[in-house]
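S.K.: Dropping in query-v2.cif, which is mmCIF, C-alpha atoms and all ligand atoms:
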```
data_model
#
loop_
_atom_site.label_atom_id
_atom_site.label_comp_id
_atom_site.auth_asym_id
_atom_site.auth_seq_id
_atom_site.Cartn_x
_atom_site.Cartn_y
_atom_site.Cartn_z
CA MET Y 15 63.82 96.85 -10.01
CA ASP Y 16 61.89 99.48 -8.09
CA ASN Y 17 64.37 100.39 -5.38
CA ILE Y 18 67.53 99.20 -3.65
CA TRP Y 19 65.61 96.55 -1.67
CA SER Y 20 63.69 94.86 -4.49
CA SER Y 21 66.74 92.84 -5.57
CA GLN Y 22 66.98 91.26 -2.09
CA ALA Y 23 63.36 90.09 -2.04
CA PHE Y 24 62.65 86.66 -0.53
CA ARG Y 25 61.58 84.36 -3.40
CA GLY Y 26 61.34 80.97 -1.66
CA GLU Y 27 58.33 78.68 -1.42
CA LEU Y 28 56.41 78.83 1.87
CA PRO Y 29 55.86 75.46 3.62
CA ALA Y 30 52.34 73.98 3.65
CA GLY Y 31 50.48 74.99 6.81
CA PHE Y 32 52.56 78.15 7.26
CA GLN Y 33 50.52 80.56 9.38
CA GLY Y 34 50.68 83.03 12.26
CA ASN Y 35 49.71 86.41 13.69
CA LEU Y 36 51.51 89.68 14.28
CA SER Y 37 50.58 93.13 15.45
CA TRP Y 38 52.21 96.58 15.43
CA GLN Y 39 51.32 100.04 16.58
CA SER Y 40 52.72 103.10 14.88
CA PRO Y 41 52.33 106.79 15.71
CA SER Y 42 51.32 109.85 13.79
CA ASN Y 43 53.83 112.68 13.40
CA ILE Y 44 53.57 116.44 13.15
CA ALA Y 45 55.70 118.26 10.60
CA LEU Y 46 57.60 121.41 11.56
CA ILE Y 47 59.08 121.85 8.07
CA LYS Y 48 56.21 120.89 5.77
CA TYR Y 49 56.20 118.40 2.92
CA TRP Y 50 53.91 120.08 0.40
CA GLY Y 51 54.62 119.24 -3.23
CA LYS Y 52 55.94 115.99 -4.67
CA LYS Y 53 57.58 114.66 -7.84
CA GLY Y 54 58.24 111.28 -9.49
CA LYS Y 55 57.34 108.26 -7.40
CA GLN Y 56 56.33 109.87 -4.11
CA LEU Y 57 59.51 111.93 -3.85
CA PRO Y 58 59.38 115.22 -1.96
CA GLN Y 59 60.08 118.59 -3.54
CA ASN Y 60 61.80 119.72 -0.35
CA PRO Y 61 63.09 118.26 2.91
CA SER Y 62 60.67 118.02 5.85
CA VAL Y 63 61.22 117.63 9.59
CA SER Y 64 58.78 116.25 12.17
CA PHE Y 65 58.20 115.27 15.76
CA THR Y 66 57.12 111.65 16.15
CA LEU Y 67 54.07 111.57 18.41
CA SER Y 68 53.05 109.05 21.00
CA ASN Y 69 49.32 108.94 21.77
CA CYS Y 70 47.84 109.32 18.27
CA ARG Y 71 48.54 105.84 16.93
CA THR Y 72 47.22 103.14 14.62
CA VAL Y 73 47.23 99.54 15.80
CA THR Y 74 47.24 96.94 13.01
CA SER Y 75 47.06 93.17 13.42
CA VAL Y 76 47.59 90.61 10.69
CA ALA Y 77 46.62 86.94 10.67
CA TYR Y 78 48.29 85.10 7.76
CA GLU Y 79 48.09 81.63 6.28
CA ARG Y 80 49.56 79.78 3.30
CA SER Y 81 47.34 79.83 0.23
CA ASN Y 82 47.55 79.51 -3.54
CA GLY Y 83 47.22 83.20 -4.31
CA PHE Y 84 47.11 86.62 -2.72
CA HIS Y 85 43.98 87.45 -0.77
CA LEU Y 86 43.30 90.30 1.64
CA ASP Y 87 40.42 91.17 3.88
CA PHE Y 88 40.59 94.31 5.91
CA ARG Y 89 38.59 95.56 8.87
CA PHE Y 90 38.71 98.93 10.54
CA ASP Y 91 37.30 99.08 14.07
CA GLY Y 92 36.06 95.53 13.58
CA LYS Y 93 33.99 96.41 10.51
CA GLU Y 94 34.69 95.83 6.84
CA ASN Y 95 35.99 98.99 5.25
CA PRO Y 96 36.08 98.75 1.44
CA GLU Y 97 37.62 102.22 0.97
CA PHE Y 98 40.70 101.44 3.09
CA ALA Y 99 40.80 97.85 1.80
CA VAL Y 100 41.14 99.06 -1.81
CA LYS Y 101 43.93 101.47 -0.86
CA ILE Y 102 45.89 98.82 1.05
CA GLU Y 103 45.39 96.17 -1.60
CA LYS Y 104 46.61 98.56 -4.28
CA PHE Y 105 49.71 99.40 -2.24
CA LEU Y 106 50.52 95.70 -1.70
CA LEU Y 107 49.92 94.79 -5.34
CA ASP Y 108 52.03 97.75 -6.53
CA ASN Y 109 54.89 96.41 -4.43
CA LEU Y 110 54.63 92.68 -5.24
CA ALA Y 111 58.06 92.79 -6.93
CA SER Y 112 59.56 93.59 -3.52
CA PHE Y 113 57.33 91.21 -1.52
CA PRO Y 114 56.63 88.29 -3.90
CA PHE Y 115 55.82 85.95 -0.97
CA LEU Y 116 52.47 87.77 -0.70
CA THR Y 117 51.22 85.72 -3.66
CA GLN Y 118 51.32 82.65 -1.36
CA LEU Y 119 49.32 84.16 1.50
CA ASP Y 120 45.83 84.94 2.74
CA LEU Y 121 45.94 88.05 4.95
CA HIS Y 122 43.29 89.09 7.46
CA MET Y 123 43.99 92.59 8.72
CA ASP Y 124 42.38 94.50 11.54
CA SER Y 125 43.16 98.10 12.33
CA HIS Y 126 42.06 100.81 14.72
CA ASN Y 127 43.19 104.27 15.80
CA THR Y 128 43.78 105.34 19.39
CA PHE Y 129 42.47 108.85 18.77
CA PRO Y 130 38.77 109.73 18.47
CA HIS Y 131 37.00 109.58 15.09
CA SER Y 132 35.48 112.95 15.69
CA SER Y 133 38.83 114.74 16.04
CA GLY Y 134 39.16 115.57 12.34
CA ILE Y 135 42.57 113.84 12.40
CA ALA Y 136 42.97 111.44 9.48
CA SER Y 137 46.42 110.09 10.02
CA SER Y 138 47.71 108.27 6.98
CA ALA Y 139 51.16 108.57 8.60
CA ALA Y 140 50.15 106.32 11.51
CA SER Y 141 48.07 103.85 9.49
CA MET Y 142 50.49 103.43 6.60
CA SER Y 143 53.59 103.09 8.77
CA ALA Y 144 51.75 100.51 10.93
CA LEU Y 145 50.87 98.57 7.76
CA VAL Y 146 54.48 98.62 6.56
CA MET Y 147 55.86 97.54 9.94
CA CYS Y 148 53.50 94.53 9.73
CA LEU Y 149 54.60 93.84 6.15
CA LEU Y 150 58.32 93.91 6.98
CA ASP Y 151 57.76 91.81 10.08
CA LEU Y 152 55.87 89.30 7.94
CA GLU Y 153 58.81 89.25 5.53
CA ARG Y 154 61.03 88.49 8.53
CA GLN Y 155 58.80 85.54 9.48
CA VAL Y 156 58.86 84.05 5.97
CA SER Y 157 62.56 84.62 5.30
CA GLY Y 158 63.90 83.85 8.79
CA GLU Y 159 65.78 87.20 8.83
CA LYS Y 160 66.34 88.64 12.30
CA ASP Y 161 66.79 92.34 11.75
CA MET Y 162 64.37 94.98 10.60
CA ASP Y 163 65.93 97.72 8.45
CA LEU Y 164 64.20 100.97 9.46
CA ARG Y 165 65.35 102.74 6.30
CA LYS Y 166 63.54 100.08 4.29
CA ALA Y 167 60.44 100.46 6.52
CA SER Y 168 60.62 104.20 5.96
CA CYS Y 169 61.02 103.81 2.19
CA PHE Y 170 57.94 101.60 1.80
CA SER Y 171 55.95 103.78 4.21
CA ARG Y 172 56.80 106.72 1.95
CA LEU Y 173 55.44 104.86 -1.07
CA ALA Y 174 52.16 104.38 0.83
CA SER Y 175 51.95 107.99 2.09
CA GLY Y 176 54.81 110.50 2.07
CA SER Y 177 54.55 111.71 5.65
CA ALA Y 178 54.36 108.10 6.94
CA CYS Y 179 58.09 107.61 6.26
CA ARG Y 180 58.90 109.95 9.18
CA SER Y 181 56.77 107.98 11.71
CA VAL Y 182 59.16 105.02 11.60
CA PHE Y 183 61.78 106.82 13.72
CA PRO Y 184 61.59 107.89 17.37
CA VAL Y 185 61.49 111.53 18.53
CA MET Y 186 62.31 113.43 15.32
CA ALA Y 187 62.94 112.62 11.68
CA LEU Y 188 64.18 114.35 8.55
CA TRP Y 189 62.89 113.23 5.16
CA GLY Y 190 64.41 114.53 1.94
CA LYS Y 191 67.93 115.25 0.79
CA SER Y 192 69.43 118.14 2.70
CA SER Y 193 72.97 119.45 3.08
CA VAL Y 194 72.54 119.32 6.89
CA MET Y 195 72.92 115.51 6.93
CA PRO Y 196 74.90 113.63 4.27
CA GLU Y 197 72.92 110.43 4.96
CA SER Y 198 69.55 112.12 4.31
CA SER Y 199 67.57 110.93 1.30
CA ASP Y 200 64.47 111.61 -0.76
CA GLU Y 201 63.73 107.85 -0.62
CA TYR Y 202 63.43 107.50 3.17
CA ALA Y 203 63.62 109.48 6.40
CA VAL Y 204 66.53 109.46 8.84
CA SER Y 205 66.48 109.84 12.61
CA LEU Y 206 67.32 113.20 14.18
CA GLU Y 207 67.25 111.77 17.70
CA GLU Y 208 71.01 112.05 18.19
CA LYS Y 209 71.25 115.52 16.63
CA ILE Y 210 68.89 117.50 18.83
CA HIS Y 211 69.10 119.27 22.18
CA PRO Y 212 67.52 117.14 24.99
CA LEU Y 213 64.85 119.81 25.54
CA PHE Y 214 63.15 118.83 22.27
CA LYS Y 215 62.81 115.21 23.41
CA THR Y 216 60.43 116.45 26.12
CA TYR Y 217 58.10 118.35 23.78
CA HIS Y 218 54.33 118.24 24.10
CA ASP Y 219 51.90 118.58 21.20
CA SER Y 220 48.44 119.51 22.45
CA ILE Y 221 46.11 119.24 19.49
CA LEU Y 222 43.35 121.86 19.75
CA ILE Y 223 40.34 120.61 17.78
CA VAL Y 224 38.70 123.53 15.97
CA SER Y 225 36.71 121.38 13.58
CA ASP Y 226 35.93 117.69 13.63
CA SER Y 227 34.81 117.42 10.00
CA ALA Y 228 36.73 115.45 7.40
CA LYS Y 229 39.41 117.27 5.37
CA ALA Y 230 38.09 119.68 2.71
CA VAL Y 231 40.93 118.72 0.37
CA SER Y 232 42.88 115.46 0.37
CA SER Y 233 46.66 115.63 0.78
CA ARG Y 234 47.07 114.07 -2.64
CA ALA Y 235 45.00 116.82 -4.28
CA GLY Y 236 46.81 119.45 -2.20
CA HIS Y 237 50.26 118.26 -3.32
CA ALA Y 238 49.07 118.24 -6.94
CA LEU Y 239 47.97 121.87 -6.66
CA MET Y 240 51.60 122.87 -6.07
CA GLU Y 241 52.32 121.98 -9.70
CA GLY Y 242 50.52 125.10 -10.94
CA ASN Y 243 51.32 127.30 -7.96
CA PRO Y 244 53.21 130.47 -9.03
CA TYR Y 245 55.17 130.47 -5.74
CA ALA Y 246 56.19 126.81 -5.90
CA GLU Y 247 59.89 127.26 -6.72
CA ALA Y 248 60.33 130.01 -4.13
CA ARG Y 249 58.59 127.79 -1.57
CA TYR Y 250 60.90 124.82 -2.22
CA GLN Y 251 63.97 127.05 -1.84
CA GLN Y 252 62.59 128.56 1.35
CA ALA Y 253 61.86 125.12 2.83
CA LYS Y 254 65.48 124.08 2.12
CA GLU Y 255 66.75 127.21 3.91
CA ASN Y 256 64.29 126.71 6.78
CA THR Y 257 65.54 123.12 7.18
CA LYS Y 258 69.09 124.42 7.67
CA THR Y 259 68.05 127.09 10.16
CA LEU Y 260 65.81 124.69 12.09
CA PHE Y 261 68.48 121.99 12.17
CA ALA Y 262 70.93 124.44 13.76
CA ALA Y 263 68.28 125.60 16.25
CA LEU Y 264 67.44 122.00 17.18
CA GLY Y 265 71.10 121.26 17.92
CA LEU Y 266 71.62 124.39 19.99
CA GLY Y 267 68.27 124.41 21.80
CA ASP Y 268 67.63 127.86 20.26
CA LEU Y 269 63.93 128.28 21.01
CA ASP Y 270 63.56 131.71 19.37
CA ALA Y 271 64.69 130.34 16.02
CA PHE Y 272 62.65 127.16 16.56
CA ILE Y 273 59.47 129.19 17.13
CA ARG Y 274 60.12 131.58 14.24
CA ILE Y 275 60.67 128.80 11.70
CA THR Y 276 57.90 126.51 12.99
CA GLU Y 277 55.21 129.20 12.86
CA SER Y 278 56.40 130.53 9.53
CA GLU Y 279 56.18 127.03 8.00
CA ALA Y 280 52.60 126.62 9.26
CA MET Y 281 51.60 129.96 7.78
CA GLN Y 282 53.33 129.22 4.46
CA LEU Y 283 51.48 125.91 4.10
CA HIS Y 284 48.15 127.70 4.37
CA ALA Y 285 49.29 130.67 2.24
CA LEU Y 286 50.17 128.16 -0.50
CA MET Y 287 46.70 126.62 -0.31
CA MET Y 288 45.06 130.05 -0.44
CA CYS Y 289 46.89 131.00 -3.64
CA SER Y 290 46.45 127.65 -5.40
CA ASN Y 291 43.99 127.26 -8.24
CA PRO Y 292 41.41 126.30 -7.07
CA SER Y 293 42.09 128.07 -3.81
CA TYR Y 294 41.35 126.65 -0.36
CA VAL Y 295 40.94 128.42 2.95
CA LEU Y 296 41.19 125.73 5.61
CA LEU Y 297 41.67 128.12 8.53
CA LYS Y 298 38.54 128.83 10.59
CA PRO Y 299 37.87 131.95 12.66
CA ASP Y 300 38.76 130.00 15.83
CA THR Y 301 42.07 128.89 14.28
CA LEU Y 302 43.00 132.58 14.06
CA ASN Y 303 41.64 133.28 17.55
CA LEU Y 304 43.83 130.50 18.92
CA ILE Y 305 46.90 131.83 17.10
CA ASP Y 306 46.28 135.31 18.56
CA GLU Y 307 45.87 133.90 22.07
CA ILE Y 308 49.02 131.77 21.80
CA ARG Y 309 51.16 134.67 20.58
CA HIS Y 310 49.76 136.97 23.26
CA PHE Y 311 50.43 134.40 26.00
CA ARG Y 312 54.00 133.92 24.77
CA LYS Y 313 54.64 137.66 24.80
CA GLU Y 314 53.16 138.17 28.26
CA THR Y 315 54.63 135.14 30.03
CA LYS Y 316 57.85 134.55 28.03
CA ILE Y 317 56.88 130.85 28.04
CA PRO Y 318 58.15 129.42 24.71
CA VAL Y 319 54.87 128.00 23.37
CA CYS Y 320 54.32 128.03 19.64
CA PHE Y 321 51.91 126.52 17.15
CA THR Y 322 51.93 124.58 13.94
CA LEU Y 323 49.09 123.60 11.61
CA ASP Y 324 48.34 120.61 9.44
CA ALA Y 325 46.35 120.84 6.22
CA GLY Y 326 43.27 121.71 8.28
CA PRO Y 327 41.96 124.11 10.92
CA ASN Y 328 43.24 122.35 14.07
CA VAL Y 329 46.08 123.97 16.00
CA HIS Y 330 49.03 121.98 17.35
CA LEU Y 331 50.40 123.68 20.45
CA LEU Y 332 54.08 122.85 21.00
CA TYR Y 333 56.01 123.38 24.25
CA PRO Y 334 58.70 121.77 26.41
CA ASP Y 335 57.74 119.63 29.40
CA LYS Y 336 59.23 122.09 31.92
CA ASP Y 337 56.39 124.52 31.06
CA ALA Y 338 53.63 121.90 30.89
CA GLU Y 339 51.87 122.83 34.12
CA LYS Y 340 51.42 126.49 33.17
CA VAL Y 341 50.51 125.71 29.57
CA ASP Y 342 47.98 123.13 30.74
CA ALA Y 343 46.26 125.80 32.82
CA PHE Y 344 46.35 128.16 29.81
CA ILE Y 345 44.68 125.51 27.64
CA ARG Y 346 41.95 124.82 30.22
CA ASN Y 347 41.30 128.46 31.10
CA VAL Y 348 41.60 130.12 27.70
CA LEU Y 349 42.15 127.88 24.67
CA GLU Y 350 39.52 125.22 25.39
CA THR Y 351 36.72 127.72 24.72
CA TYR Y 352 37.80 127.89 21.04
CA CYS Y 353 37.81 124.10 20.65
CA VAL Y 354 34.75 122.32 19.29
CA GLY Y 355 33.05 120.66 22.26
CA GLY Y 356 36.06 121.75 24.34
CA GLN Y 357 38.00 118.93 22.65
CA TRP Y 358 41.78 118.71 22.63
CA ILE Y 359 44.21 115.80 22.56
CA ALA Y 360 47.26 115.73 24.81
CA ASP Y 361 50.13 114.19 22.90
CA GLN Y 362 53.90 114.33 23.14
CA VAL Y 363 57.09 113.26 21.46
CA GLY Y 364 57.32 109.47 21.34
CA GLN Y 365 59.35 106.39 20.60
CA GLY Y 366 58.14 105.30 17.16
CA PRO Y 367 56.51 102.00 16.16
CA GLN Y 368 56.27 99.12 18.65
CA LYS Y 369 55.63 95.44 18.08
CA LEU Y 370 52.66 94.23 20.15
CA ALA Y 371 52.55 90.55 19.18
C1 LIG I 401 50.40 118.97 5.28
O1 LIG I 401 51.79 112.49 3.52
O2 LIG I 401 49.33 112.96 3.71
O3 LIG I 401 50.67 116.97 6.55
O4 LIG I 401 52.09 111.56 0.29
O5 LIG I 401 49.91 112.17 -0.73
O6 LIG I 401 49.97 110.64 1.26
P1 LIG I 401 50.62 111.80 0.52
O7 LIG I 401 50.48 113.08 1.47
P2 LIG I 401 50.62 113.25 3.03
O8 LIG I 401 50.93 114.82 3.11
C2 LIG I 401 51.16 115.44 4.34
C3 LIG I 401 51.12 116.90 4.19
C4 LIG I 401 51.21 117.70 5.47
C5 LIG I 401 52.64 118.11 5.77
C6 LIG I 401 53.58 117.08 6.31
O9 LIG I 401 53.16 116.15 7.03
O10 LIG I 401 54.78 117.24 6.06
#
```
The structure in this file should be written as structure tokens.
M.R.:
Amino acid sequence: MDNIWSSQAFRGELPAGFQGNLSWQSPSNIALIKYWGKKGKQLPQNPSVSFTLSNCRTVTSVAYERSNGFHLDFRFDGKENPEFAVKIEKFLLDNLASFPFLTQLDLHMDSHNTFPHSSGIASSAASMSALVMCLLDLERQVSGEKDMDLRKASCFSRLASGSACRSVFPVMALWGKSSVMPESSDEYAVSLEEKIHPLFKTYHDSILIVSDSAKAVSSRAGHALMEGNPYAEARYQQAKENTKTLFAALGLGDLDAFIRITESEAMQLHALMMCSNPSYVLLKPDTLNLIDEIRHFRKETKIPVCFTLDAGPNVHLLYPDKDAEKVDAFIRNVLETYCVGGQWIADQVGQGPQKLA
């Protein structure tokens, strides 16, 4: 059996004429402690911590009907999308032992993102967690179960895309075994909502779009590059230490420590890419200009803004709601000029996946 849930799989026969529809939306998340490097079956080399977002979401709808075998068709933005379809079909087939009822269903899936195509954001976290919420809801329909186990949703989201396992929980999540929480696990994320100072529940993430092109290196290839990286072991140790320091800062509302660790993690992620073989430089000149401006603004105004980066050139500007008015003016007056087409996305900490139908 693959994991602790496979043994509980529903194995009954579906009644003739069984059919229905369901729909879920699920958000993206932004990591503060970065997951970069994996082992075994999608297990992380170090713990990671993220804010769950609210506006950058994937909405996925599934129409299902009883059939004599498994069949899937998948549309993105109303159009057939063979690339995504293959990925989703592979994920479902890989997990048939846990969801054997799929072999009795035709599935028609439709998916779209709430953020613009041209933003350079390719959120597997949102899309894969939305898919898994649909899958577990479908399991509920066929088995008659009432409850949805979020740890299970997180575990299967992880198997689809590592970072997706954190999107299942509201506000903040920790994925990966860490001494800071005995219930933490490499298999699934856990919620940090009850562990953090209320200030962090008000956080904004304004995503400053420096480039709208597709990623130069896929996450999968990026994680693989850690295997030959001479700094890999030191990095994993550092991430474990940073998790402890950040966890304490989150509980206390210690913004100095929060900023120090968050920015250091962003820089380490890119430093690791630069010293991989082959090496990647994903930062653009305007990424560095934005970082300079943000640090200067923080020094001058004492407003606790900081940044983090994904595996790309866009800058995520993080700040508490109490400073939103002043930071908004700073974005419009200064930062927007470094954004491609003046583009940025206003997002903030959110409530996790929601059932729509
Ligand atoms: C830089 O979750 O996209 O965003 O597990 O191969 O699907 P796969 O990778 P993915 O990696 C995310 C990497 C990151 C950091 C993070 O979100 O923690």
S.K.: Taking 2 positions as the minimum chain separation for residues in the same chain, which residues sit within 7 Å of region 91-97 of chain Y when counting only C-alpha atoms? Answer as number ranges by chain.
M.R.: Y: 88-89, 99-101, 124-126
S.K.: Let me have all residues with an atom within 10 Å of ligand LIG 401 (chain I), counting all atoms listed in the file, laid out as a PyMOL selection string.
M.R.: chain Y and resi 42-52+55-58+60-64+136-139+142+171-180+189+232-238+279-280+283-284+323-326
S.K.: Leaving out region 155-166 of chain Y and any residue of its chain fewer than 3 positions from it, which residues lie within 9 Å of it when counting all atoms listed in the file, given as a list in words?
M.R.: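 In the requested format, the answer is Ile18, Trp19, Phe24, Arg25, Gly26, Leu28, Phe32, Gly34, Phe115, Met147, Leu150, Asp151, Leu152, Cys169, Phe170, Ser171, Cys179, Val182, Phe183, Glu201, Tyr202, Ala203 and Val204 of chain Y.
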S.K.: Leaving out region 224-230 of chain Y and any residue of its chain fewer than 3 positions from it, which residues lie within 9 Å of it when counting only C-alpha atoms, given as a compact mmCIF listing (two decimals) with C-alpha atoms, in the coordinates of the input?
M.R.:
```txt
# COMPACT_ATOMS: atom_id res chain seq x y z
CA HIS Y 131 37.00 109.58 15.09
CA SER Y 132 35.48 112.95 15.69
CA SER Y 133 38.83 114.74 16.04
CA GLY Y 134 39.16 115.57 12.34
CA ILE Y 135 42.57 113.84 12.40
CA ALA Y 136 42.97 111.44 9.48
CA SER Y 233 46.66 115.63 0.78
CA TYR Y 294 41.35 126.65 -0.36
CA LEU Y 296 41.19 125.73 5.61
CA LYS Y 298 38.54 128.83 10.59
CA ASP Y 300 38.76 130.00 15.83
CA THR Y 301 42.07 128.89 14.28
CA ALA Y 325 46.35 120.84 6.22
CA GLY Y 326 43.27 121.71 8.28
CA PRO Y 327 41.96 124.11 10.92
CA ASN Y 328 43.24 122.35 14.07
CA VAL Y 329 46.08 123.97 16.00
CA TYR Y 352 37.80 127.89 21.04
CA CYS Y 353 37.81 124.10 20.65
CA VAL Y 354 34.75 122.32 19.29
CA GLY Y 355 33.05 120.66 22.26
CA GLY Y 356 36.06 121.75 24.34
CA GLN Y 357 38.00 118.93 22.65
CA TRP Y 358 41.78 118.71 22.63
```
S.K.: Have a look at Y:Phe129, Y:Tyr78, Y:Phe105, Y:Tyr245 and name the one nearest to Pro41 (chain Y); count all atoms listed in the file.
M.R.: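 Under the stated criterion, the closest residue is Y:Phe129.
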S.K.: Between CA of Asn347 (chain Y) and CA of Phe311 (chain Y), what is the spacing in Å?
M.R.: 12.0 Å
S.K.: Y:Ile273, Y:Gln282, Y:Glu153, Y:Glu27: which is nearest Gln252 (chain Y), counting only C-alpha atoms?
M.R.: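 Between Y:Ile273, Y:Gln282, Y:Glu153, Y:Glu27, the residue approaching Gln252 (chain Y) most closely is Y:Gln282.
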S.K.: Of the residues Y:Cys320, Y:Ile305, Y:Ala360, Y:Ala263, which is the one nearest to Ile221 (chain Y), using all atoms listed in the file?
M.R.: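 Closest residue, counting all atoms listed in the file: Y:Ala360.
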S.K.: Hey, can you check how far CA of Leu86 (chain Y) sits from CA of His122 (chain Y)?
M.R.: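 If I compute the distance from CA of Leu86 (chain Y) to CA of His122 (chain Y), I get 5.9 Å.
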S.K.: Using only C-alpha atoms, which of the listed residues (Y:Pro367, Y:Gly54, Y:Pro29, Y:Pro244) sits closest to Met287 (chain Y)?
M.R.: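 Smallest separation from Met287 (chain Y) among the options: Y:Pro244.
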S.K.: As a ChimeraX atom specification, please: the residues near Ser220 (chain Y) (cut-off 7 Å, all atoms listed in the file, same-chain neighbours under 5 positions excluded).
M.R.: /Y:330-332,358-361
S.K.: What's the separation between CA of Val363 (chain Y) and CA of Ser68 (chain Y), in Å to one decimal place?
M.R.: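 Pair CA of Val363 (chain Y) / CA of Ser68 (chain Y) returns 5.9 Å.
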S.K.: Return as lines of an AutoDock Vina configuration file the centre and edge lengths, in Å with one decimal, of the box along x, y and z that encloses every atom of region 135-140 of chain Y in the file, padded by 3 Å per side.
M.R.:
```
center_x = 46.9
center_y = 110.1
center_z = 9.7
size_x = 14.6
size_y = 13.5
size_z = 11.4
```
S.K.: Excluding same-chain residues fewer than 3 positions from Lys258 (chain Y), what lies within 10 Å of it counting only C-alpha atoms, as a PyMOL selection string?
M.R.: chain Y and resi 61+192-195+252-255+261-264
S.K.: Which residue out of Y:Asn127, Y:Ser20, Y:Thr72, Y:Gln251 has the minimum interatomic distance to Leu110 (chain Y) when only C-alpha atoms are used?
M.R.: Y:Ser20
S.K.: So which one's closest to Ser40 (chain Y), Y:Ser81, Y:Ser278, Y:Gln22, Y:Thr128? Using all atoms listed in the file, please.
M.R.: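 When distances to Ser40 (chain Y) are compared using all atoms listed in the file, the smallest one comes from Y:Thr128.
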